[in-house]
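Undergrad: I'd like to ask you about the structure that follows.
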Amino acid sequence: MSKVWVFAEIHDGGVDSSALEILAKARELGDAEAVALGPGATDAAKELGEHGATTVFASDDEVYSDYVAQPAAEALHQLVQQHSPDLVLFATNYDSRDIAGRLSAKTGSTLMSNVSEILDVDTAQTQVFGGSTLVDVKLEGSPKLVLVRPKSFEASPAGGSAEVVPVTVEIADELKKAKRVERHVEETSGPKLEEAPVVISGGRGLQEPGNFELLDQLAQTIGNTAVGATRAVVDSGWVPYAMQIGQTGTTVKPNVYLAFGISGATQHIVGMKGAKKIVAINKDEEAPIFQIADLGIVGDVLKILPQLIDEVKSRKG
Amino acid sequence: MDKEDDLNIAVCVKHIPDPNLPGEMEGERLKREGVQGVLDPGDEFGVEAGLQLKEAHGGEVTLVSMGPATAMEAVRRGLSMGADKGVLVTDENLAGADALTTARVLAAAITKAGEFDLVIAGVESTDGYTGTMPSTLAEFLSLPQLTFVKKIEGAEGSIKIDRQTTDGYHVVESPLPALITVTAGVNEPRYASFKGIMAAKKKPVEQWSLADLELSGDDVKVNQNIANIAKATERKAGEVVEDDGSGAARIADFLKEAKVI
């Protein structure tokens with residue numbers, strides 16, 4: 001039976017939900033095991049076990065949360081050498097991307113990115129051209145390394161329990177360099193982008209950064225709604241990278257996605273085409289976004305937005 | 001030149017097919033030859049970050065790139081913004097190189113080009129989007145990595161930056177040398193002036209092959225083999241209507257029907 005590992009990110013003592021999604025796939029492919037590093041890892045083993053991990057290699061050492069990438073990549077490499085998994089799966093998150101990239105250099109395995117499906121332990125699938133084309137790639141190297149797009153699989157508890165194996169890797173001082181010295185959480189009033197049932201997203205068609213306030217107002221009016229953006233406006237410095245929806249940045253699968261002033265570049269569509277319903281406003285009737293929208297309005301987004309806020313208010317009574 | 005606190009900076013730059021043109025496949029690869037190319041817009045933030053650090057601390061900015069001979073255009077573009085010199089690794093064995101190979105080649109080129117205090121790259125390329133090459137490069141160079149930088153706070157002896165997280169940011173500090181990746185929004189890239197474009201023509205550039213880096217075709221063999229390419233089931237387009245003043249009401253009705261209001 002193949003041994004499939006999942007690198008589980010630990011934040012504030014809990015498992016990142018992306019690890020649970022990937023475990024659902026890992027246990028279909030073979031014997032699923034997880035690696036969790038940082039404070040809270042041992043406690044997290046219970047949840048990882050419930051989601052199908054038979055073994056969790058865990059360390060609560062702060063070195064893994066204090067320093068960026070290097071200690072975790074080193075520990076993971078040593079574990080890989082000791083236990084020889086066939087495949088190691090990572091979620092496309094900030095820390096995992098960094099750690100997977102370093103592990104690729106250490107093992108000499110090609111790291112396959114942007115994976116949306118894993119067909120077997122040797123074959124992964126990625127989507128190109130806005131998801132219109134599926135490419136199956138034969139993985140090479142030992143172990144095989146894959147970065148999975150968030151929300152590619154659905155987490156489902158299997159009701160098992162994991163054996164916890166403590167990780168006791170000595171981290172040399174030369175790997176303790178890039179240190180987190182302060183942590184800041186930016187308070188947002190609404191739900192998280194990746195969890196919100198409704199997502200409103202703005203693009204260049206909004207013309208200037210100040211007009212994002214209209215999206216915020218609409219989000220508050222609808223309720224339980226998050227605001228995102230295209231790479232184009234993030235690149236222009238209108239809104240922070242954390243709001244970027246697309247191939248990189250965040251993947252969203254809300255019930256309703258409202259694309260305002262977004263033309264529908266490939267990079268963007270990959271991050272939102274999993275939405276149940278898509279509504280788009282764009283002044284250009286040829287905009288590619290209309291090819292995937294359930295409702296498309298050809299018009300001036302800045303004119304329609306204030307009207308829409310009023311219309312939603314009146315329907316909510 | 002060459003004061004104690006001078007920063008010797010390498011910036012990775014990539015020449016990519018113009019992202020405003022639709023992508024084309026050539027067999028199993030993204031078509032690159034004969035496609036109009038540009039300096040990756042994401043790398044302009046890296047070049048700008050390098051220039052600002054150099055202006056604040058003194059030092060030198062070297063651009064390092066890998067690609068076909070035409071990729072020298074991207075290097076020239078960065079030089080016209082103000083970088084001091086450039087290196088392009090070009091070799092027919094590199095066609096179709098993946099992130100691991102690219103990192104291995106860039107690591108060899110950076111090592112050959114000099115001793116650097118700081119290596120800067122964009123977070124991800126605008127054509128490949130793997131976003132892993134810089135981490136792999138950092139490992140090959142045995143450098144700490146400070147990724148997803150949204151603000152550079154200082155680079156006096158050590159480097160201190162704000163690293164983007166999903167719900168805010170972390171301040172990360174590291175001794176030099178180090179590698180950083182910059183997100184858009186870290187700065188406002190300058191335009192190349194006419195004077196800059198003229199000056200760039202006289203700046204030193206070098207073109208290296210794999211042999212110059214003492215690498216062979218075996219070091220860079222392409223490991224990803226395509227097993228199958230298929231069309232995905234497309235989402236169907238719904239109704240597209242011209243806004244005649246009732247557009248907002250149509251959307252509100254749609255939201256009501258979808259039970260989100």
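The chains in the structure tokens are called A, B, ... from first to last as shown; in each chain the residues are counted from 1, and the ligands are counted from 1 in the order shown.
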Could you list the residues in chain A lying within 7 Å of chain B, using only C-alpha atoms, and format the result as a CSV table (one decimal) with N, CA and C atoms, in the first residue's frame?
TA:
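As written to disk, out.csv reads:
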```
chain,number,residue,atom,x,y,z
A,68,VAL,N,10.7,31.2,9.8
A,68,VAL,CA,10.1,30.9,8.5
A,68,VAL,C,10.8,29.7,7.8
A,70,GLN,N,12.7,27.3,7.2
A,70,GLN,CA,13.9,26.5,7.2
A,70,GLN,C,13.8,25.3,8.2
A,97,ARG,N,3.8,26.5,0.9
A,97,ARG,CA,4.5,26.8,-0.3
A,97,ARG,C,6.0,26.9,-0.1
A,98,ASP,N,6.3,27.7,0.9
A,98,ASP,CA,7.7,27.9,1.2
A,98,ASP,C,8.4,26.6,1.6
A,101,GLY,N,8.8,24.2,-1.4
A,101,GLY,CA,9.8,24.7,-2.3
A,101,GLY,C,11.2,24.3,-1.8
A,102,ARG,N,11.5,24.4,-0.5
A,102,ARG,CA,12.8,24.0,0.0
A,102,ARG,C,13.0,22.5,0.0
A,104,SER,N,11.8,20.5,-2.1
A,104,SER,CA,12.1,20.1,-3.5
A,104,SER,C,13.6,20.2,-3.8
A,105,ALA,N,14.3,21.2,-3.3
A,105,ALA,CA,15.7,21.3,-3.5
A,105,ALA,C,16.4,20.2,-2.7
A,110,THR,N,10.9,16.9,-8.3
A,110,THR,CA,10.1,18.0,-8.9
A,110,THR,C,8.8,18.2,-8.1
A,113,SER,N,2.9,22.0,-8.9
A,113,SER,CA,2.1,23.0,-8.2
A,113,SER,C,0.7,23.1,-8.9
A,114,ASN,N,-0.2,23.8,-8.2
A,114,ASN,CA,-1.5,24.1,-8.8
A,114,ASN,C,-2.3,22.8,-9.1
A,131,GLY,N,-8.9,26.9,-16.4
A,131,GLY,CA,-9.6,25.7,-16.1
A,131,GLY,C,-10.3,25.1,-17.3
A,132,SER,N,-10.0,25.6,-18.5
A,132,SER,CA,-10.7,25.0,-19.7
A,132,SER,C,-10.0,23.8,-20.1
A,133,THR,N,-8.7,23.6,-19.7
A,133,THR,CA,-7.9,22.4,-20.2
A,133,THR,C,-7.4,21.7,-18.9
A,134,LEU,N,-7.5,20.4,-18.9
A,134,LEU,CA,-7.0,19.6,-17.8
A,134,LEU,C,-5.7,18.9,-18.3
A,135,VAL,N,-4.7,19.0,-17.5
A,135,VAL,CA,-3.4,18.4,-17.9
A,135,VAL,C,-3.0,17.3,-16.8
A,136,ASP,N,-2.9,16.1,-17.2
A,136,ASP,CA,-2.4,15.0,-16.3
A,136,ASP,C,-0.9,14.9,-16.4
A,137,VAL,N,-0.2,15.0,-15.2
A,137,VAL,CA,1.2,15.0,-15.2
A,137,VAL,C,1.7,13.8,-14.4
A,138,LYS,N,2.6,13.0,-15.0
A,138,LYS,CA,3.3,11.9,-14.3
A,138,LYS,C,4.3,12.5,-13.3
A,139,LEU,N,4.2,12.2,-12.1
A,139,LEU,CA,5.1,12.8,-11.1
A,139,LEU,C,6.4,12.0,-11.0
A,140,GLU,N,7.5,12.7,-10.7
A,140,GLU,CA,8.8,12.0,-10.7
A,140,GLU,C,9.5,12.4,-9.4
A,177,LYS,N,17.1,31.7,11.3
A,177,LYS,CA,17.5,33.1,10.9
A,177,LYS,C,16.3,34.0,10.7
A,178,ALA,N,15.4,33.6,9.8
A,178,ALA,CA,14.2,34.5,9.5
A,178,ALA,C,13.2,34.3,10.6
A,179,LYS,N,13.2,35.3,11.5
A,179,LYS,CA,12.4,35.1,12.7
A,179,LYS,C,11.2,36.0,12.7
A,180,ARG,N,10.0,35.4,13.1
A,180,ARG,CA,8.8,36.2,13.3
A,180,ARG,C,9.0,37.0,14.6
A,181,VAL,N,9.0,38.3,14.5
A,181,VAL,CA,9.2,39.1,15.8
A,181,VAL,C,8.0,39.8,16.2
A,182,GLU,N,7.0,39.9,15.3
A,182,GLU,CA,5.7,40.5,15.7
A,182,GLU,C,4.6,39.8,14.9
A,183,ARG,N,3.4,39.6,15.5
A,183,ARG,CA,2.3,39.1,14.7
A,183,ARG,C,1.2,40.1,14.8
A,184,HIS,N,0.6,40.4,13.6
A,184,HIS,CA,-0.5,41.4,13.6
A,184,HIS,C,-1.7,40.8,12.9
A,185,VAL,N,-2.8,40.8,13.6
A,185,VAL,CA,-4.0,40.4,12.9
A,185,VAL,C,-4.8,41.7,12.5
A,186,GLU,N,-5.2,41.8,11.3
A,186,GLU,CA,-6.0,42.9,10.8
A,186,GLU,C,-7.4,42.5,11.0
A,222,ILE,N,-25.8,42.9,2.3
A,222,ILE,CA,-26.2,41.6,2.0
A,222,ILE,C,-26.1,40.7,3.3
A,234,VAL,N,-4.8,44.3,-7.2
A,234,VAL,CA,-3.8,44.1,-6.1
A,234,VAL,C,-2.5,44.6,-6.6
A,235,ASP,N,-2.1,44.3,-7.9
A,235,ASP,CA,-0.9,44.7,-8.4
A,235,ASP,C,-0.8,46.3,-8.5
A,236,SER,N,-2.0,46.9,-8.6
A,236,SER,CA,-2.0,48.3,-8.6
A,236,SER,C,-1.9,48.9,-7.2
A,237,GLY,N,-1.9,48.1,-6.2
A,237,GLY,CA,-1.8,48.6,-4.8
A,237,GLY,C,-3.1,49.1,-4.3
A,241,TYR,N,-2.6,42.0,-0.9
A,241,TYR,CA,-2.5,40.7,-1.5
A,241,TYR,C,-3.4,39.6,-1.0
A,242,ALA,N,-3.7,39.8,0.3
A,242,ALA,CA,-4.6,38.8,1.0
A,242,ALA,C,-6.0,38.8,0.4
A,248,THR,N,-3.1,32.1,-8.1
A,248,THR,CA,-2.5,32.3,-6.8
A,248,THR,C,-3.4,33.2,-6.0
A,290,PHE,N,-18.5,36.8,-18.9
A,290,PHE,CA,-19.9,36.6,-19.2
A,290,PHE,C,-20.0,35.1,-19.7
A,291,GLN,N,-18.9,34.5,-20.2
A,291,GLN,CA,-19.0,33.1,-20.7
A,291,GLN,C,-19.3,32.1,-19.5
A,292,ILE,N,-19.0,32.5,-18.3
A,292,ILE,CA,-19.2,31.6,-17.2
A,292,ILE,C,-20.2,32.1,-16.2
A,293,ALA,N,-20.8,33.3,-16.5
A,293,ALA,CA,-21.8,33.9,-15.5
A,293,ALA,C,-23.2,33.4,-15.7
A,294,ASP,N,-23.9,33.2,-14.6
A,294,ASP,CA,-25.3,32.7,-14.7
A,294,ASP,C,-26.1,33.9,-15.1
A,295,LEU,N,-25.7,35.1,-14.5
A,295,LEU,CA,-26.4,36.3,-14.9
A,295,LEU,C,-25.3,37.4,-15.2
A,296,GLY,N,-25.4,37.9,-16.4
A,296,GLY,CA,-24.4,39.0,-16.8
A,296,GLY,C,-25.2,40.3,-17.1
A,297,ILE,N,-24.7,41.4,-16.6
A,297,ILE,CA,-25.3,42.7,-16.9
A,297,ILE,C,-24.2,43.5,-17.6
A,298,VAL,N,-24.5,43.9,-18.8
A,298,VAL,CA,-23.6,44.8,-19.6
A,298,VAL,C,-24.0,46.2,-19.2
A,299,GLY,N,-23.1,46.8,-18.4
A,299,GLY,CA,-23.4,48.2,-18.0
A,299,GLY,C,-22.3,48.8,-17.2
A,304,ILE,N,-24.6,51.0,-11.4
A,304,ILE,CA,-25.4,50.0,-10.9
A,304,ILE,C,-25.2,49.7,-9.4
A,307,GLN,N,-27.4,51.6,-6.9
A,307,GLN,CA,-28.8,51.1,-7.1
A,307,GLN,C,-29.0,49.7,-6.5
A,308,LEU,N,-28.0,48.9,-6.6
A,308,LEU,CA,-28.1,47.5,-6.1
A,308,LEU,C,-28.2,47.5,-4.6
A,311,GLU,N,-31.6,48.3,-3.8
A,311,GLU,CA,-32.5,47.2,-4.1
A,311,GLU,C,-32.5,46.1,-3.1
A,312,VAL,N,-31.2,45.8,-2.6
A,312,VAL,CA,-31.1,44.8,-1.6
A,312,VAL,C,-31.7,45.2,-0.3
A,316,LYS,N,-34.8,43.3,1.6
A,316,LYS,CA,-34.6,42.7,3.0
A,316,LYS,C,-35.6,43.4,4.0
```
Undergrad: What residues in range 28-200 of chain A get the DSSP label alpha helix (DSSP H)? Please answer as a VMD selection string.
TA: chain A and resid 28 to 29 41 to 50 63 to 66 70 to 83 94 to 107
Undergrad: Take CA of Gly264 in chain A and CA of Val146 in chain A and report the distance between them in Å, one decimal.
TA: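 For CA of Gly264 in chain A relative to CA of Val146 in chain A, the distance reads 27.1 Å.
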Undergrad: Using DSSP on the backbone coordinates, identify the residues of range 15-151 of chain B assigned to strand (DSSP E); present them as number ranges by chain.
TA: B: 15-17, 25-26, 29-30, 37-39, 59-66, 85-89, 118-122, 145-151
Undergrad: Can you tell me which residues surround Val15 in chain A at a distance of at most 8 Å, considering only C-alpha atoms, apart from same-chain residues fewer than 5 positions away, and format the answer as a count of residues only?
TA: 8
Undergrad: Which residues, written as a list in words, have at least one atom at most 6 Å from range 13-18 of chain B, with only C-alpha atoms counted and residues fewer than 4 positions away on the same chain left out?
TA: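 After dropping sequence-adjacent residues, the list is Val35, Gln36, Gly37, Val38, Leu39, Asp40, Asp43, Ser65, Ala71 and Ala74 of chain B.
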Undergrad: Name the closest residue to Ala200 in chain B among the candidates B:Asp84, B:Asp117, B:Asp219, B:Glu153; distances are taken between atoms, counting only C-alpha atoms.
TA: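 Looking at the shortest contact to Ala200 in chain B, the residue is B:Asp84.
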Undergrad: Tell me, as a list in words, which residues lie within 10 Å of Lys276 in chain A, counting only C-alpha atoms; anything in the same chain fewer than 3 positions away does not count.
TA: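 That gives Pro197, Lys253, Pro254, Asn255, Val256, Tyr257, Met272, Lys273 and Asp294 of chain A; Ala258 of chain B.
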Undergrad: Restricting the output to N, CA, C and O atoms, write the selected residues as an mmCIF file, in the first residue's frame.
TA:
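File written: again10.cif
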```
data_model
loop_
_atom_site.group_PDB
_atom_site.id
_atom_site.type_symbol
_atom_site.label_atom_id
_atom_site.label_comp_id
_atom_site.auth_asym_id
_atom_site.auth_seq_id
_atom_site.Cartn_x
_atom_site.Cartn_y
_atom_site.Cartn_z
ATOM 1 N N PRO A 197 -20.243 32.616 2.334
ATOM 2 C CA PRO A 197 -21.218 32.079 1.373
ATOM 3 C C PRO A 197 -21.436 33.008 0.176
ATOM 4 O O PRO A 197 -21.885 32.565 -0.880
ATOM 5 N N LYS A 253 -15.199 29.236 -3.224
ATOM 6 C CA LYS A 253 -16.313 28.446 -3.783
ATOM 7 C C LYS A 253 -17.606 28.857 -3.082
ATOM 8 O O LYS A 253 -18.253 28.033 -2.434
ATOM 9 N N PRO A 254 -17.993 30.112 -3.176
ATOM 10 C CA PRO A 254 -19.189 30.541 -2.448
ATOM 11 C C PRO A 254 -20.467 30.082 -3.157
ATOM 12 O O PRO A 254 -20.420 29.580 -4.276
ATOM 13 N N ASN A 255 -21.604 30.301 -2.483
ATOM 14 C CA ASN A 255 -22.894 30.038 -3.143
ATOM 15 C C ASN A 255 -23.112 31.036 -4.268
ATOM 16 O O ASN A 255 -23.608 30.682 -5.323
ATOM 17 N N VAL A 256 -22.772 32.286 -3.996
ATOM 18 C CA VAL A 256 -22.913 33.312 -5.035
ATOM 19 C C VAL A 256 -21.634 34.152 -5.107
ATOM 20 O O VAL A 256 -21.098 34.587 -4.081
ATOM 21 N N TYR A 257 -21.165 34.341 -6.321
ATOM 22 C CA TYR A 257 -19.976 35.166 -6.564
ATOM 23 C C TYR A 257 -20.385 36.348 -7.430
ATOM 24 O O TYR A 257 -20.961 36.168 -8.498
ATOM 25 N N MET A 272 -12.238 31.196 -8.909
ATOM 26 C CA MET A 272 -13.628 31.423 -8.513
ATOM 27 C C MET A 272 -14.657 30.645 -9.309
ATOM 28 O O MET A 272 -15.838 30.693 -9.016
ATOM 29 N N LYS A 273 -14.203 29.863 -10.292
ATOM 30 C CA LYS A 273 -15.199 29.218 -11.161
ATOM 31 C C LYS A 273 -15.930 28.076 -10.470
ATOM 32 O O LYS A 273 -16.890 27.543 -11.005
ATOM 33 N N ASP A 294 -23.873 33.155 -14.632
ATOM 34 C CA ASP A 294 -25.268 32.740 -14.721
ATOM 35 C C ASP A 294 -26.146 33.939 -15.051
ATOM 36 O O ASP A 294 -27.158 33.813 -15.714
ATOM 37 N N ALA B 258 -31.487 33.020 -4.926
ATOM 38 C CA ALA B 258 -30.398 32.170 -4.419
ATOM 39 C C ALA B 258 -30.411 32.111 -2.890
ATOM 40 O O ALA B 258 -29.545 31.489 -2.277
#
```
Undergrad: Within 9 Å of Val121 in chain A, counting only C-alpha atoms, which residues show up once you throw out same-chain ones fewer than 4 positions away? Write them as a ChimeraX atom specification, please.
TA: /A:2-4,29-30,86-87,139,144
Undergrad: Find the spatial neighbours of Glu213 in chain A, counting only C-alpha atoms, within a cut-off of 12 Å - ignore same-chain residues fewer than 2 positions away - and output them as a VMD selection string.
TA: chain A and resid 200 to 202 206 208 to 211 215 to 220 227 to 228 238 to 239 302 305 to 306 309
Undergrad: Would you put the residues from that selection into a file with N, CA and C atoms, as a PDB file, in the first residue's frame?
TA:
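result-v4.pdb written:
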```
ATOM      1  N   ILE A 200     -18.066  39.182  -3.001  1.00  0.00           N
ATOM      2  CA  ILE A 200     -18.124  40.257  -3.981  1.00  0.00           C
ATOM      3  C   ILE A 200     -16.689  40.587  -4.352  1.00  0.00           C
ATOM      4  N   SER A 201     -16.423  40.664  -5.645  1.00  0.00           N
ATOM      5  CA  SER A 201     -15.047  40.881  -6.047  1.00  0.00           C
ATOM      6  C   SER A 201     -14.978  42.033  -7.043  1.00  0.00           C
ATOM      7  N   GLY A 202     -13.939  42.851  -6.877  1.00  0.00           N
ATOM      8  CA  GLY A 202     -13.811  44.024  -7.738  1.00  0.00           C
ATOM      9  C   GLY A 202     -12.570  43.959  -8.608  1.00  0.00           C
ATOM     10  N   LEU A 206     -13.667  49.125 -11.560  1.00  0.00           N
ATOM     11  CA  LEU A 206     -14.084  50.034 -10.485  1.00  0.00           C
ATOM     12  C   LEU A 206     -13.359  51.377 -10.573  1.00  0.00           C
ATOM     13  N   GLU A 208     -11.164  53.286  -9.495  1.00  0.00           N
ATOM     14  CA  GLU A 208     -10.236  53.803  -8.487  1.00  0.00           C
ATOM     15  C   GLU A 208     -10.443  53.107  -7.145  1.00  0.00           C
ATOM     16  N   PRO A 209      -9.367  53.070  -6.315  1.00  0.00           N
ATOM     17  CA  PRO A 209      -9.435  52.293  -5.077  1.00  0.00           C
ATOM     18  C   PRO A 209     -10.591  52.693  -4.170  1.00  0.00           C
ATOM     19  N   GLY A 210     -10.916  53.986  -4.146  1.00  0.00           N
ATOM     20  CA  GLY A 210     -11.977  54.477  -3.260  1.00  0.00           C
ATOM     21  C   GLY A 210     -13.303  53.784  -3.519  1.00  0.00           C
ATOM     22  N   ASN A 211     -13.507  53.310  -4.750  1.00  0.00           N
ATOM     23  CA  ASN A 211     -14.787  52.692  -5.088  1.00  0.00           C
ATOM     24  C   ASN A 211     -14.970  51.303  -4.474  1.00  0.00           C
ATOM     25  N   LEU A 215     -18.262  48.269  -2.571  1.00  0.00           N
ATOM     26  CA  LEU A 215     -18.332  46.815  -2.412  1.00  0.00           C
ATOM     27  C   LEU A 215     -18.497  46.458  -0.940  1.00  0.00           C
ATOM     28  N   ASP A 216     -17.757  47.187  -0.066  1.00  0.00           N
ATOM     29  CA  ASP A 216     -17.894  46.959   1.376  1.00  0.00           C
ATOM     30  C   ASP A 216     -19.322  47.234   1.837  1.00  0.00           C
ATOM     31  N   GLN A 217     -19.874  48.340   1.328  1.00  0.00           N
ATOM     32  CA  GLN A 217     -21.256  48.691   1.709  1.00  0.00           C
ATOM     33  C   GLN A 217     -22.233  47.616   1.267  1.00  0.00           C
ATOM     34  N   LEU A 218     -22.067  47.140   0.042  1.00  0.00           N
ATOM     35  CA  LEU A 218     -22.955  46.102  -0.471  1.00  0.00           C
ATOM     36  C   LEU A 218     -22.801  44.826   0.352  1.00  0.00           C
ATOM     37  N   ALA A 219     -21.550  44.504   0.699  1.00  0.00           N
ATOM     38  CA  ALA A 219     -21.285  43.293   1.494  1.00  0.00           C
ATOM     39  C   ALA A 219     -21.997  43.378   2.838  1.00  0.00           C
ATOM     40  N   GLN A 220     -21.933  44.562   3.465  1.00  0.00           N
ATOM     41  CA  GLN A 220     -22.598  44.718   4.752  1.00  0.00           C
ATOM     42  C   GLN A 220     -24.107  44.643   4.610  1.00  0.00           C
ATOM     43  N   VAL A 227     -15.299  40.485   0.719  1.00  0.00           N
ATOM     44  CA  VAL A 227     -14.897  41.240  -0.466  1.00  0.00           C
ATOM     45  C   VAL A 227     -13.508  40.791  -0.918  1.00  0.00           C
ATOM     46  N   GLY A 228     -13.402  40.506  -2.212  1.00  0.00           N
ATOM     47  CA  GLY A 228     -12.121  40.114  -2.795  1.00  0.00           C
ATOM     48  C   GLY A 228     -11.771  40.996  -3.979  1.00  0.00           C
ATOM     49  N   TRP A 238      -4.216  48.802  -4.896  1.00  0.00           N
ATOM     50  CA  TRP A 238      -5.496  49.294  -4.364  1.00  0.00           C
ATOM     51  C   TRP A 238      -5.881  48.581  -3.082  1.00  0.00           C
ATOM     52  N   VAL A 239      -5.649  47.267  -3.053  1.00  0.00           N
ATOM     53  CA  VAL A 239      -6.017  46.435  -1.902  1.00  0.00           C
ATOM     54  C   VAL A 239      -4.883  45.452  -1.659  1.00  0.00           C
ATOM     55  N   LEU A 302     -20.319  51.344 -11.735  1.00  0.00           N
ATOM     56  CA  LEU A 302     -20.386  52.429 -10.745  1.00  0.00           C
ATOM     57  C   LEU A 302     -21.789  53.024 -10.665  1.00  0.00           C
ATOM     58  N   LEU A 305     -23.986  49.824  -8.881  1.00  0.00           N
ATOM     59  CA  LEU A 305     -23.697  49.456  -7.490  1.00  0.00           C
ATOM     60  C   LEU A 305     -24.568  50.184  -6.450  1.00  0.00           C
ATOM     61  N   PRO A 306     -24.659  51.526  -6.513  1.00  0.00           N
ATOM     62  CA  PRO A 306     -25.511  52.204  -5.521  1.00  0.00           C
ATOM     63  C   PRO A 306     -26.977  51.772  -5.642  1.00  0.00           C
ATOM     64  N   ILE A 309     -27.360  48.415  -3.947  1.00  0.00           N
ATOM     65  CA  ILE A 309     -27.399  48.513  -2.481  1.00  0.00           C
ATOM     66  C   ILE A 309     -28.824  48.846  -2.032  1.00  0.00           C
TER      67      ILE A 309
END
```
Undergrad: Just give me the gap between CA of Glu154 in chain A and CA of Val279 in chain A in Å, one decimal is fine.
TA: 24.3 Å
Undergrad: So which one's closest to Gly86 in chain B, B:Leu7, B:Ala49, B:Ala121, B:Ile110? Using only C-alpha atoms, please.
TA: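 Closest to Gly86 in chain B of all the choices is B:Ile110.
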Undergrad: One decimal, Å: what's the distance from CA of Val270 in chain A over to CA of Val199 in chain A, could you say?
TA: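 According to the coordinates, CA of Val270 in chain A and CA of Val199 in chain A are separated by 14.9 Å.
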